[in-house]
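Q: Dropping the structure in here first, questions after.
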Amino acid sequence: RAEVVVDDSRRLGDEGFISGCWGTLAEQLDEAYYDDRSDADDDLEKGRIKFPQDKLYGRDTELELLRGLYNDIIQERSSSSAAAQVVFLGGYSGVGKSAMVADLVRQLSEDDKSVVCTWGKYSKLQSAAAPFSATSDALGHLVLELTKDKHAHHLESIREKLCNDETRMAMTSTFPSVAPLFKTFDPANSSDPATVATSMNEVKEAFTDFINCICKCLECPLIWFLDDLQWSDETSLDLLKDVLSNIDLDNMLFIGAYRCNEVNDEHPFHQLMDQIDKARTTNATRIELFGLSPDDIGEFISDTLSKDDPSEVTTLTEVVFKKTLGNIFFVQQALEELVRKNAVFYDMMMFSWDYNVSKVQLEDYLSDDVIDVIKSKITGLPTEVRMLAVLMSFIPNNATMSTMRSLLKGEGVSETKVEKLVSVAIKNGIILHLSETDKYAFAHDKIREASFDIIPKGKPRDELLVRISNALVDLAKADKAYSDWAFFVATDHLNSVLPELVPRMDLARLNLSVAKMNLAKGATLGANANLNYGLTCLIHSGEKWKEYEFTLTLLNELIESEFNVGKYELAFAHVQDVLEHATSLDDKFTAYLYKVKTFAEGEDRDYHKGVIVGLEICQIYGIKIPSSPKRTDLMKENIKMETALRKQPLTVLSKLPPTEESTVFRLLKEVQYYAVLEGNKDLTALMTKRAIRLSLQKKILSKDMVSILATHTRLLGQDITKAKLANAYGNAAEKASEVFREDKGLYSEVQVVLHGCVYPLLRPHRESMDPIINSHRPLLNAGNIDYAIGGGICYAQMWLCAGLPLNSPLLKPKLLLYEEAAIRLQRPTFQISFSSVRQLVLNLQKSPANPTELKGDAFDEESVLGTLEGNSLRTSRRDTSTLRLFLALIFLDKGCMVEMLGMLSNFAKPDVLTSRTYLRFLVIGLAGFEMGRENKDRSLIKLATKCLAYFKTLAKIGSLSATPIYYFIKAVSNPSRSSYDKAISLCREARLIHFEAMACERCGMFLEGKKHIDAANKYITTAFWLYSDWGATSKKNSMIQKYSFVKGSSRGSHTAQS
């Protein structure tokens, strides 16, 4: 006779438990007595409730929306446009967000086996997790999927396109799991991918390149799912903001799930959603899931209990819905609790589920708090299984079997028992086995939360955390695969326990190590927290300044960290501490440097104070420089520099031995920078010459010396009378930067300075365009955002100055590249520079009603500028007025010319960007003479004469870029056929096709006024074909309307210049 044994010891605390057997058992004489629903193979499972796994309840509308967005991506890609959709999925915990995404993937996979989905999940213990934890997990899943045989063709394509070394190094350093997706991956050395310090900007750029490449190589959209984003760390949010704001993001359906009740308007993730909504406009969707309806819950319970119709469980449904409000996870926990208390039971005689208690009794058996329900479930488990759940709850990551063995070993559990304990936990729905990664995770976050709370706060929990942390540190030391996260978790736990449980000095060292790991991943706030806690531990240990080297290292790191996160007062306090206790000038250098920076860049932004303090510190290091140099000081310093050069050119600096040690030069560079910002040009020049002399005396070349040269070159470039001197310094800076070519950020900064501010003064603009565009990515990686995007302004203006084809396939993508970066990196005035140029190009290519008005698909001047004020409005209005005046000159709109000249009357002075100055002075000069002469307005002629003088000065010293422009403006100022012919010839030689066209048309108009009609028509016809070859279709059409004879004309001798 069979018996059912009920282990009442496992039901302690369950006061609502109904004692007795689960159903009725009778002796079975033969198989005929078995109900056809019986299956002898799973008799032991009959009393275990099982929930439907292949059916989603009550989410048809939301699923249809997600499928629609997925299909929209496919359709948009077919039209060759970038297509991506961002979905933010909100809802309470347990409402079924992740289940709905899983069902979406299941449905799509049934239609198309090539569907690729990857996912990651943030933890409530995120403070203990490594930066980017969920993103790292998602990338790990992605690699596992793409390295399967069925994706072999995808993998080959991905490896071919992921050939950028910067991307590879940044990605494999920050996310080691992605190494197999790069061609250079060596499986034999897979545990040691590229390990380089990586800035946050490098991570952003590399990740954007990486994910774009992956998505474009896939045949179907990548589904990227991140769960519990309300717990995401600051580095993850920063990365997501960049990636999801990217308008070039293609072939991806991103779904980010979050608990809406934990995200208010001030929450960082809510702010991220608002930013993405603004950036993506139409391709960002928010969906909020609510609890299921009573009908849906009834259907779920009916299916769970294998009933034919929901009406059979009406009473049970009403009770469960009232307690759970339709939250599907809570419903499952409620049903399990009722089974544990025998209120719902499996009848072994009838082979079916049933319940035989009243509605009131059912309500009494269910707790109002789901955590209490889960705790009841966990406390009913064997002690060692319960311990497994508790240990796992203190780790934010999914756990491997070896991790669980190590943790349980610390609690005295034999390693041989671990697999069995894990199996019991899985059977009881506590954890899940993730087969693809061979890791284990909690079945739900609420189970983790309940497990976490089983041991209350206090000394026992702290002692447990110490044991867990020690086990994790041992794991990380023994296996590099664990070091990416185990040190973070251990440090966070040890920082939270009672001080007497952990040696303070050991914890200080651990915090410093983890701070450096955080910095290597770009997590500045995480690093700052570790450094501050490390200092606290150091102080409590009583070893501060007794452990001299460690204290100095920690404080130097903390000074820089506090400064970088804007805590200037704290940075200054640590500066004073180091200056008081450090024993040498070398040891005090970081403190001295940040003393200067804190005055100059701190809350008061006092550049003058920074200069004064900096010069005082320079004197401490043996360099005496007056703060307000006299002319005699400059002359003496120049003589000394020339003497040190020994009649050699400045480029001799590049032949000096390079050094990474540049204490004094770093200080000089900082002070020189602040001198430039406060407008002290004489001091800047004096410091540059002193630095050159010092470099020659010491016979070393440092990176800071290169920066000093570049800064001085940029300043010289603003004075066109010193254009040749600027070029000499520029050549020296360029040669010196090539010595440190491996420092791509420094080299690119020098390239932008030289090609944006100096070289185009004398050289053709087109020669500087490639160096500018090639500097964009390295500068972004180096965090030099203003130079990276400012270079784009040079590039756009150079395109217009050089007369390159408007219909070139390169122009729009390059402008969009910079514009997207400006949007992503929140540089709105820079964005205006690119969108306004795009609108100018559209006006020239299409036929808008008013071609001199910047209003269209790319840009609306009045609308955009209406949102600005102060200097941002002033400079943006200057630049858009320049573009409109250029259009007015092309379309011969005299009214617009006069209006724009009024706008630009105060801007006839050079600015730091040469190409922008060239274009502005060109259009002011041309329009000023034309309108001044026609309207007899001497002020306009005076304004134009000032611009003409600028180009005349440059032309006299042999400027290849300025000479054609000078003769063009000169021809307009005093028109004659010969003067126009000279301008036309020079423009043709310089390949300035657009200026040649403008000069030809004006010469034709001049001859037409002199009644030389045949000659006039020839010039106008030439202009027509030149405009055509430039790509100015709109201008070409307007000329057909104005000059009927050009319509049937043929090309003359003047055609497009290559």
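Residues are referred to by chain and number: the chain letter is A, B, ... according to the order shown in the structure tokens, the number counts from 1 in that chain, and ligands are numbered separately from 1 in the order shown.
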Would you list the contacts of stretch 1026-1031 of chain A as a PDB file with all heavy atoms, in the first residue's frame, taking every protein, DNA or RNA residue within 10 Å and counting only C-alpha atoms, but skipping same-chain residues closer than 3 positions in sequence?

A:
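Result went into selection04.pdb, see below:
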ATOM      1  N   GLY A 803      34.764  74.942 -53.572  1.00  0.00           N
ATOM      2  CA  GLY A 803      33.927  74.742 -54.746  1.00  0.00           C
ATOM      3  C   GLY A 803      33.806  73.290 -55.165  1.00  0.00           C
ATOM      4  O   GLY A 803      33.643  72.985 -56.348  1.00  0.00           O
ATOM      5  N   LEU A 804      33.852  72.379 -54.199  1.00  0.00           N
ATOM      6  CA  LEU A 804      33.698  70.960 -54.517  1.00  0.00           C
ATOM      7  C   LEU A 804      32.251  70.682 -54.907  1.00  0.00           C
ATOM      8  O   LEU A 804      31.334  71.420 -54.505  1.00  0.00           O
ATOM      9  CB  LEU A 804      34.103  70.109 -53.318  1.00  0.00           C
ATOM     10  CG  LEU A 804      35.593  70.216 -52.940  1.00  0.00           C
ATOM     11  CD1 LEU A 804      35.871  69.428 -51.684  1.00  0.00           C
ATOM     12  CD2 LEU A 804      36.478  69.737 -54.066  1.00  0.00           C
ATOM     13  N   PRO A 805      31.995  69.620 -55.678  1.00  0.00           N
ATOM     14  CA  PRO A 805      30.643  69.381 -56.208  1.00  0.00           C
ATOM     15  C   PRO A 805      29.587  69.265 -55.104  1.00  0.00           C
ATOM     16  O   PRO A 805      29.791  68.563 -54.107  1.00  0.00           O
ATOM     17  CB  PRO A 805      30.795  68.048 -56.960  1.00  0.00           C
ATOM     18  CG  PRO A 805      32.242  67.971 -57.296  1.00  0.00           C
ATOM     19  CD  PRO A 805      32.970  68.628 -56.174  1.00  0.00           C
ATOM     20  N   LEU A 806      28.482  69.939 -55.314  1.00  0.00           N
ATOM     21  CA  LEU A 806      27.383  69.886 -54.350  1.00  0.00           C
ATOM     22  C   LEU A 806      26.688  68.528 -54.366  1.00  0.00           C
ATOM     23  O   LEU A 806      26.074  68.129 -53.373  1.00  0.00           O
ATOM     24  CB  LEU A 806      26.357  70.978 -54.660  1.00  0.00           C
ATOM     25  CG  LEU A 806      26.861  72.423 -54.582  1.00  0.00           C
ATOM     26  CD1 LEU A 806      25.786  73.374 -55.073  1.00  0.00           C
ATOM     27  CD2 LEU A 806      27.282  72.763 -53.171  1.00  0.00           C
ATOM     28  N   ASN A 807      26.769  67.847 -55.516  1.00  0.00           N
ATOM     29  CA  ASN A 807      26.091  66.550 -55.638  1.00  0.00           C
ATOM     30  C   ASN A 807      27.023  65.381 -55.357  1.00  0.00           C
ATOM     31  O   ASN A 807      26.726  64.250 -55.694  1.00  0.00           O
ATOM     32  CB  ASN A 807      25.479  66.399 -57.030  1.00  0.00           C
ATOM     33  CG  ASN A 807      26.494  66.697 -58.141  1.00  0.00           C
ATOM     34  OD1 ASN A 807      27.676  66.866 -57.870  1.00  0.00           O
ATOM     35  ND2 ASN A 807      26.004  66.769 -59.374  1.00  0.00           N
ATOM     36  N   SER A 808      28.158  65.657 -54.734  1.00  0.00           N
ATOM     37  CA  SER A 808      29.092  64.587 -54.387  1.00  0.00           C
ATOM     38  C   SER A 808      28.460  63.643 -53.379  1.00  0.00           C
ATOM     39  O   SER A 808      27.803  64.083 -52.418  1.00  0.00           O
ATOM     40  CB  SER A 808      30.375  65.176 -53.783  1.00  0.00           C
ATOM     41  OG  SER A 808      31.147  64.168 -53.172  1.00  0.00           O
ATOM     42  N   VAL A 841      22.842  73.727 -49.339  1.00  0.00           N
ATOM     43  CA  VAL A 841      23.052  72.807 -50.464  1.00  0.00           C
ATOM     44  C   VAL A 841      21.719  72.422 -51.096  1.00  0.00           C
ATOM     45  O   VAL A 841      21.575  72.383 -52.324  1.00  0.00           O
ATOM     46  CB  VAL A 841      23.833  71.556 -49.999  1.00  0.00           C
ATOM     47  CG1 VAL A 841      23.910  70.522 -51.121  1.00  0.00           C
ATOM     48  CG2 VAL A 841      25.235  71.943 -49.534  1.00  0.00           C
ATOM     49  N   LEU A 844      20.410  75.085 -53.308  1.00  0.00           N
ATOM     50  CA  LEU A 844      21.122  75.162 -54.580  1.00  0.00           C
ATOM     51  C   LEU A 844      20.773  74.006 -55.517  1.00  0.00           C
ATOM     52  O   LEU A 844      20.877  74.135 -56.735  1.00  0.00           O
ATOM     53  CB  LEU A 844      22.633  75.188 -54.342  1.00  0.00           C
ATOM     54  CG  LEU A 844      23.193  76.487 -53.746  1.00  0.00           C
ATOM     55  CD1 LEU A 844      24.616  76.293 -53.264  1.00  0.00           C
ATOM     56  CD2 LEU A 844      23.121  77.620 -54.769  1.00  0.00           C
ATOM     57  N   GLN A 845      20.344  72.891 -54.933  1.00  0.00           N
ATOM     58  CA  GLN A 845      20.049  71.709 -55.749  1.00  0.00           C
ATOM     59  C   GLN A 845      18.584  71.650 -56.168  1.00  0.00           C
ATOM     60  O   GLN A 845      18.266  71.230 -57.276  1.00  0.00           O
ATOM     61  CB  GLN A 845      20.417  70.439 -54.975  1.00  0.00           C
ATOM     62  CG  GLN A 845      21.916  70.240 -54.811  1.00  0.00           C
ATOM     63  CD  GLN A 845      22.237  68.997 -54.024  1.00  0.00           C
ATOM     64  OE1 GLN A 845      21.562  68.671 -53.058  1.00  0.00           O
ATOM     65  NE2 GLN A 845      23.275  68.287 -54.436  1.00  0.00           N
ATOM     66  N   ILE A 890      24.565  84.443 -55.313  1.00  0.00           N
ATOM     67  CA  ILE A 890      24.383  83.474 -56.398  1.00  0.00           C
ATOM     68  C   ILE A 890      23.082  83.742 -57.141  1.00  0.00           C
ATOM     69  O   ILE A 890      23.036  83.743 -58.383  1.00  0.00           O
ATOM     70  CB  ILE A 890      24.421  82.043 -55.838  1.00  0.00           C
ATOM     71  CG1 ILE A 890      25.829  81.710 -55.328  1.00  0.00           C
ATOM     72  CG2 ILE A 890      23.981  81.021 -56.899  1.00  0.00           C
ATOM     73  CD1 ILE A 890      25.926  80.420 -54.544  1.00  0.00           C
ATOM     74  N   LEU A 992      38.310  76.760 -58.514  1.00  0.00           N
ATOM     75  CA  LEU A 992      37.197  77.331 -57.750  1.00  0.00           C
ATOM     76  C   LEU A 992      36.031  77.537 -58.708  1.00  0.00           C
ATOM     77  O   LEU A 992      35.707  78.655 -59.121  1.00  0.00           O
ATOM     78  CB  LEU A 992      37.618  78.644 -57.092  1.00  0.00           C
ATOM     79  CG  LEU A 992      38.830  78.556 -56.153  1.00  0.00           C
ATOM     80  CD1 LEU A 992      39.219  79.931 -55.627  1.00  0.00           C
ATOM     81  CD2 LEU A 992      38.559  77.594 -54.992  1.00  0.00           C
ATOM     82  N   ILE A 993      35.369  76.457 -59.064  1.00  0.00           N
ATOM     83  CA  ILE A 993      34.374  76.464 -60.131  1.00  0.00           C
ATOM     84  C   ILE A 993      33.202  77.387 -59.824  1.00  0.00           C
ATOM     85  O   ILE A 993      32.654  78.041 -60.721  1.00  0.00           O
ATOM     86  CB  ILE A 993      33.889  75.022 -60.402  1.00  0.00           C
ATOM     87  CG1 ILE A 993      33.033  74.960 -61.663  1.00  0.00           C
ATOM     88  CG2 ILE A 993      33.173  74.447 -59.214  1.00  0.00           C
ATOM     89  CD1 ILE A 993      32.672  73.535 -62.064  1.00  0.00           C
ATOM     90  N   HIS A 994      32.789  77.454 -58.557  1.00  0.00           N
ATOM     91  CA  HIS A 994      31.637  78.285 -58.194  1.00  0.00           C
ATOM     92  C   HIS A 994      31.967  79.768 -58.273  1.00  0.00           C
ATOM     93  O   HIS A 994      31.155  80.578 -58.738  1.00  0.00           O
ATOM     94  CB  HIS A 994      31.127  77.913 -56.802  1.00  0.00           C
ATOM     95  CG  HIS A 994      32.163  77.929 -55.715  1.00  0.00           C
ATOM     96  ND1 HIS A 994      33.519  77.796 -55.955  1.00  0.00           N
ATOM     97  CD2 HIS A 994      32.032  78.072 -54.354  1.00  0.00           C
ATOM     98  CE1 HIS A 994      34.163  77.842 -54.806  1.00  0.00           C
ATOM     99  NE2 HIS A 994      33.290  78.012 -53.822  1.00  0.00           N
ATOM    100  N   PHE A 995      33.189  80.145 -57.826  1.00  0.00           N
ATOM    101  CA  PHE A 995      33.576  81.556 -57.921  1.00  0.00           C
ATOM    102  C   PHE A 995      33.817  81.951 -59.386  1.00  0.00           C
ATOM    103  O   PHE A 995      33.539  83.087 -59.797  1.00  0.00           O
ATOM    104  CB  PHE A 995      34.823  81.820 -57.085  1.00  0.00           C
ATOM    105  CG  PHE A 995      34.630  81.575 -55.613  1.00  0.00           C
ATOM    106  CD1 PHE A 995      35.693  81.213 -54.800  1.00  0.00           C
ATOM    107  CD2 PHE A 995      33.377  81.710 -55.030  1.00  0.00           C
ATOM    108  CE1 PHE A 995      35.513  80.988 -53.452  1.00  0.00           C
ATOM    109  CE2 PHE A 995      33.181  81.475 -53.668  1.00  0.00           C
ATOM    110  CZ  PHE A 995      34.268  81.115 -52.878  1.00  0.00           C
ATOM    111  N   GLU A 996      34.325  80.999 -60.170  1.00  0.00           N
ATOM    112  CA  GLU A 996      34.487  81.251 -61.601  1.00  0.00           C
ATOM    113  C   GLU A 996      33.124  81.509 -62.240  1.00  0.00           C
ATOM    114  O   GLU A 996      32.968  82.429 -63.063  1.00  0.00           O
ATOM    115  CB  GLU A 996      35.167  80.059 -62.268  1.00  0.00           C
ATOM    116  CG  GLU A 996      35.442  80.269 -63.750  1.00  0.00           C
ATOM    117  CD  GLU A 996      36.006  79.031 -64.426  1.00  0.00           C
ATOM    118  OE1 GLU A 996      36.298  78.029 -63.733  1.00  0.00           O
ATOM    119  OE2 GLU A 996      36.135  79.068 -65.672  1.00  0.00           O
ATOM    120  N   ALA A 997      32.117  80.707 -61.845  1.00  0.00           N
ATOM    121  CA  ALA A 997      30.766  80.897 -62.384  1.00  0.00           C
ATOM    122  C   ALA A 997      30.214  82.259 -61.991  1.00  0.00           C
ATOM    123  O   ALA A 997      29.626  82.986 -62.818  1.00  0.00           O
ATOM    124  CB  ALA A 997      29.852  79.785 -61.873  1.00  0.00           C
ATOM    125  N   MET A 998      30.381  82.631 -60.714  1.00  0.00           N
ATOM    126  CA  MET A 998      29.873  83.923 -60.245  1.00  0.00           C
ATOM    127  C   MET A 998      30.573  85.075 -60.971  1.00  0.00           C
ATOM    128  O   MET A 998      29.930  86.078 -61.351  1.00  0.00           O
ATOM    129  CB  MET A 998      30.082  84.043 -58.727  1.00  0.00           C
ATOM    130  CG  MET A 998      29.231  83.068 -57.913  1.00  0.00           C
ATOM    131  SD  MET A 998      29.706  83.008 -56.157  1.00  0.00           S
ATOM    132  CE  MET A 998      29.165  84.620 -55.599  1.00  0.00           C
ATOM    133  N   CYS A1000      31.976  84.927 -63.984  1.00  0.00           N
ATOM    134  CA  CYS A1000      31.533  84.937 -65.386  1.00  0.00           C
ATOM    135  C   CYS A1000      30.170  85.613 -65.530  1.00  0.00           C
ATOM    136  O   CYS A1000      29.947  86.419 -66.457  1.00  0.00           O
ATOM    137  CB  CYS A1000      31.467  83.504 -65.920  1.00  0.00           C
ATOM    138  SG  CYS A1000      33.064  82.798 -66.344  1.00  0.00           S
ATOM    139  N   ILE A1020      27.777  84.592 -69.823  1.00  0.00           N
ATOM    140  CA  ILE A1020      26.623  84.076 -69.090  1.00  0.00           C
ATOM    141  C   ILE A1020      26.428  82.587 -69.391  1.00  0.00           C
ATOM    142  O   ILE A1020      26.124  81.786 -68.498  1.00  0.00           O
ATOM    143  CB  ILE A1020      25.366  84.889 -69.421  1.00  0.00           C
ATOM    144  CG1 ILE A1020      25.494  86.297 -68.794  1.00  0.00           C
ATOM    145  CG2 ILE A1020      24.110  84.208 -68.914  1.00  0.00           C
ATOM    146  CD1 ILE A1020      24.419  87.275 -69.214  1.00  0.00           C
ATOM    147  N   THR A1021      26.641  82.215 -70.651  1.00  0.00           N
ATOM    148  CA  THR A1021      26.519  80.792 -71.007  1.00  0.00           C
ATOM    149  C   THR A1021      27.588  79.965 -70.295  1.00  0.00           C
ATOM    150  O   THR A1021      27.315  78.862 -69.788  1.00  0.00           O
ATOM    151  CB  THR A1021      26.647  80.617 -72.534  1.00  0.00           C
ATOM    152  OG1 THR A1021      25.614  81.356 -73.179  1.00  0.00           O
ATOM    153  CG2 THR A1021      26.543  79.156 -72.909  1.00  0.00           C
ATOM    154  N   THR A1022      28.790  80.504 -70.245  1.00  0.00           N
ATOM    155  CA  THR A1022      29.855  79.806 -69.509  1.00  0.00           C
ATOM    156  C   THR A1022      29.472  79.642 -68.043  1.00  0.00           C
ATOM    157  O   THR A1022      29.654  78.574 -67.440  1.00  0.00           O
ATOM    158  CB  THR A1022      31.187  80.582 -69.624  1.00  0.00           C
ATOM    159  OG1 THR A1022      31.561  80.676 -70.987  1.00  0.00           O
ATOM    160  CG2 THR A1022      32.290  79.882 -68.843  1.00  0.00           C
ATOM    161  N   ALA A1023      28.925  80.706 -67.455  1.00  0.00           N
ATOM    162  CA  ALA A1023      28.491  80.645 -66.055  1.00  0.00           C
ATOM    163  C   ALA A1023      27.428  79.567 -65.876  1.00  0.00           C
ATOM    164  O   ALA A1023      27.440  78.805 -64.891  1.00  0.00           O
ATOM    165  CB  ALA A1023      27.954  82.001 -65.613  1.00  0.00           C
ATOM    166  N   SER A1034      19.289  74.410 -58.969  1.00  0.00           N
ATOM    167  CA  SER A1034      18.325  75.483 -58.759  1.00  0.00           C
ATOM    168  C   SER A1034      18.775  76.773 -59.452  1.00  0.00           C
ATOM    169  O   SER A1034      17.980  77.451 -60.109  1.00  0.00           O
ATOM    170  CB  SER A1034      18.141  75.728 -57.260  1.00  0.00           C
ATOM    171  OG  SER A1034      17.227  76.771 -57.036  1.00  0.00           O
ATOM    172  N   LYS A1035      20.053  77.097 -59.324  1.00  0.00           N
ATOM    173  CA  LYS A1035      20.586  78.282 -59.998  1.00  0.00           C
ATOM    174  C   LYS A1035      20.521  78.092 -61.514  1.00  0.00           C
ATOM    175  O   LYS A1035      20.180  79.035 -62.263  1.00  0.00           O
ATOM    176  CB  LYS A1035      22.025  78.526 -59.552  1.00  0.00           C
ATOM    177  CG  LYS A1035      22.771  79.611 -60.334  1.00  0.00           C
ATOM    178  CD  LYS A1035      22.104  80.980 -60.207  1.00  0.00           C
ATOM    179  CE  LYS A1035      22.911  82.041 -60.947  1.00  0.00           C
ATOM    180  NZ  LYS A1035      22.262  83.370 -60.904  1.00  0.00           N
ATOM    181  N   LYS A1036      20.853  76.902 -61.985  1.00  0.00           N
ATOM    182  CA  LYS A1036      20.799  76.605 -63.415  1.00  0.00           C
ATOM    183  C   LYS A1036      19.385  76.843 -63.951  1.00  0.00           C
ATOM    184  O   LYS A1036      19.187  77.478 -65.006  1.00  0.00           O
ATOM    185  CB  LYS A1036      21.221  75.155 -63.644  1.00  0.00           C
ATOM    186  CG  LYS A1036      21.139  74.675 -65.078  1.00  0.00           C
ATOM    187  CD  LYS A1036      21.515  73.186 -65.145  1.00  0.00           C
ATOM    188  CE  LYS A1036      21.249  72.637 -66.534  1.00  0.00           C
ATOM    189  NZ  LYS A1036      21.542  71.190 -66.620  1.00  0.00           N
ATOM    190  N   ASN A1037      18.365  76.389 -63.209  1.00  0.00           N
ATOM    191  CA  ASN A1037      16.973  76.565 -63.639  1.00  0.00           C
ATOM    192  C   ASN A1037      16.575  78.038 -63.648  1.00  0.00           C
ATOM    193  O   ASN A1037      15.832  78.495 -64.538  1.00  0.00           O
ATOM    194  CB  ASN A1037      16.035  75.774 -62.726  1.00  0.00           C
ATOM    195  CG  ASN A1037      16.216  74.274 -62.885  1.00  0.00           C
ATOM    196  OD1 ASN A1037      16.717  73.804 -63.913  1.00  0.00           O
ATOM    197  ND2 ASN A1037      15.820  73.522 -61.875  1.00  0.00           N
ATOM    198  N   MET A1039      18.537  80.507 -64.198  1.00  0.00           N
ATOM    199  CA  MET A1039      19.201  81.146 -65.339  1.00  0.00           C
ATOM    200  C   MET A1039      18.453  80.844 -66.647  1.00  0.00           C
ATOM    201  O   MET A1039      18.386  81.694 -67.545  1.00  0.00           O
ATOM    202  CB  MET A1039      20.649  80.676 -65.442  1.00  0.00           C
ATOM    203  CG  MET A1039      21.548  81.221 -64.330  1.00  0.00           C
ATOM    204  SD  MET A1039      23.286  80.792 -64.546  1.00  0.00           S
ATOM    205  CE  MET A1039      23.741  81.938 -65.863  1.00  0.00           C
ATOM    206  N   ARG A1051      28.227  73.525 -74.498  1.00  0.00           N
ATOM    207  CA  ARG A1051      29.370  73.896 -73.678  1.00  0.00           C
ATOM    208  C   ARG A1051      30.408  74.647 -74.507  1.00  0.00           C
ATOM    209  O   ARG A1051      30.698  74.289 -75.637  1.00  0.00           O
ATOM    210  CB  ARG A1051      30.045  72.664 -73.095  1.00  0.00           C
ATOM    211  CG  ARG A1051      29.245  71.985 -72.006  1.00  0.00           C
ATOM    212  CD  ARG A1051      30.000  70.776 -71.506  1.00  0.00           C
ATOM    213  NE  ARG A1051      29.229  70.078 -70.474  1.00  0.00           N
ATOM    214  CZ  ARG A1051      29.274  70.376 -69.178  1.00  0.00           C
ATOM    215  NH1 ARG A1051      30.036  71.363 -68.775  1.00  0.00           N
ATOM    216  NH2 ARG A1051      28.557  69.706 -68.302  1.00  0.00           N
ATOM    217  N   HIS A1054      34.940  76.614 -71.399  1.00  0.00           N
ATOM    218  CA  HIS A1054      35.014  76.596 -69.933  1.00  0.00           C
ATOM    219  C   HIS A1054      34.077  75.543 -69.375  1.00  0.00           C
ATOM    220  O   HIS A1054      32.873  75.719 -69.348  1.00  0.00           O
ATOM    221  CB  HIS A1054      34.665  77.974 -69.357  1.00  0.00           C
ATOM    222  CG  HIS A1054      35.565  79.060 -69.870  1.00  0.00           C
ATOM    223  ND1 HIS A1054      36.935  78.992 -69.782  1.00  0.00           N
ATOM    224  CD2 HIS A1054      35.286  80.246 -70.492  1.00  0.00           C
ATOM    225  CE1 HIS A1054      37.474  80.093 -70.315  1.00  0.00           C
ATOM    226  NE2 HIS A1054      36.494  80.857 -70.754  1.00  0.00           N
ATOM    227  N   THR A1055      34.645  74.437 -68.959  1.00  0.00           N
ATOM    228  CA  THR A1055      33.850  73.348 -68.381  1.00  0.00           C
ATOM    229  C   THR A1055      34.276  73.118 -66.948  1.00  0.00           C
ATOM    230  O   THR A1055      35.113  73.835 -66.407  1.00  0.00           O
ATOM    231  CB  THR A1055      34.024  72.059 -69.197  1.00  0.00           C
ATOM    232  OG1 THR A1055      35.419  71.749 -69.252  1.00  0.00           O
ATOM    233  CG2 THR A1055      33.495  72.236 -70.604  1.00  0.00           C
ATOM    234  N   ALA A1056      33.704  72.081 -66.370  1.00  0.00           N
ATOM    235  CA  ALA A1056      34.007  71.795 -64.965  1.00  0.00           C
ATOM    236  C   ALA A1056      35.484  71.545 -64.753  1.00  0.00           C
ATOM    237  O   ALA A1056      36.144  70.912 -65.559  1.00  0.00           O
ATOM    238  CB  ALA A1056      33.205  70.581 -64.518  1.00  0.00           C
ATOM    239  N   GLN A1057      35.993  72.066 -63.640  1.00  0.00           N
ATOM    240  CA  GLN A1057      37.390  71.824 -63.267  1.00  0.00           C
ATOM    241  C   GLN A1057      37.441  70.579 -62.389  1.00  0.00           C
ATOM    242  O   GLN A1057      36.633  70.394 -61.498  1.00  0.00           O
ATOM    243  CB  GLN A1057      37.925  73.037 -62.496  1.00  0.00           C
ATOM    244  CG  GLN A1057      37.684  74.360 -63.190  1.00  0.00           C
ATOM    245  CD  GLN A1057      38.362  74.449 -64.543  1.00  0.00           C
ATOM    246  OE1 GLN A1057      39.537  74.157 -64.650  1.00  0.00           O
ATOM    247  NE2 GLN A1057      37.631  74.818 -65.563  1.00  0.00           N
TER     248      GLN A1057
END

Q: For stretch 61-72 of chain A, list every protein, DNA or RNA residue within 9 Å, evaluated using only C-alpha atoms, and leave out those in the same chain fewer than 6 positions away; present the list as a list of chain:residue names.

A: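 The neighbour list is A:Ala83, A:Ala84, A:Gln85, A:Val87, A:Met100, A:Val101, A:Asp103, A:Leu104, A:Leu108, A:Pro221, A:Ile223, A:Met252, A:Leu253, A:Asn283, A:Ile287, A:Leu289.
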
Q: Taking only C-alpha atoms into account, name the residue in A:Arg877, A:Lys420, A:Lys459, A:Arg59 that is nearest to A:Ser293.

A: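 Checking each candidate against A:Ser293, we get A:Arg59 as the closest.
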
Q: Just want the 9 Å neighbourhood of stretch 427-436 of chain A, counted on only C-alpha atoms, with same-chain residues fewer than 6 positions away dropped. Output as a list in words.

A: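 After dropping sequence-adjacent residues, the list is Arg48, His141, Leu144, Glu145, Lys377, Ile378, Leu381, Ala389, Asn398, Phe442, Ala443, His444, Ile447 and Arg448 of chain A.
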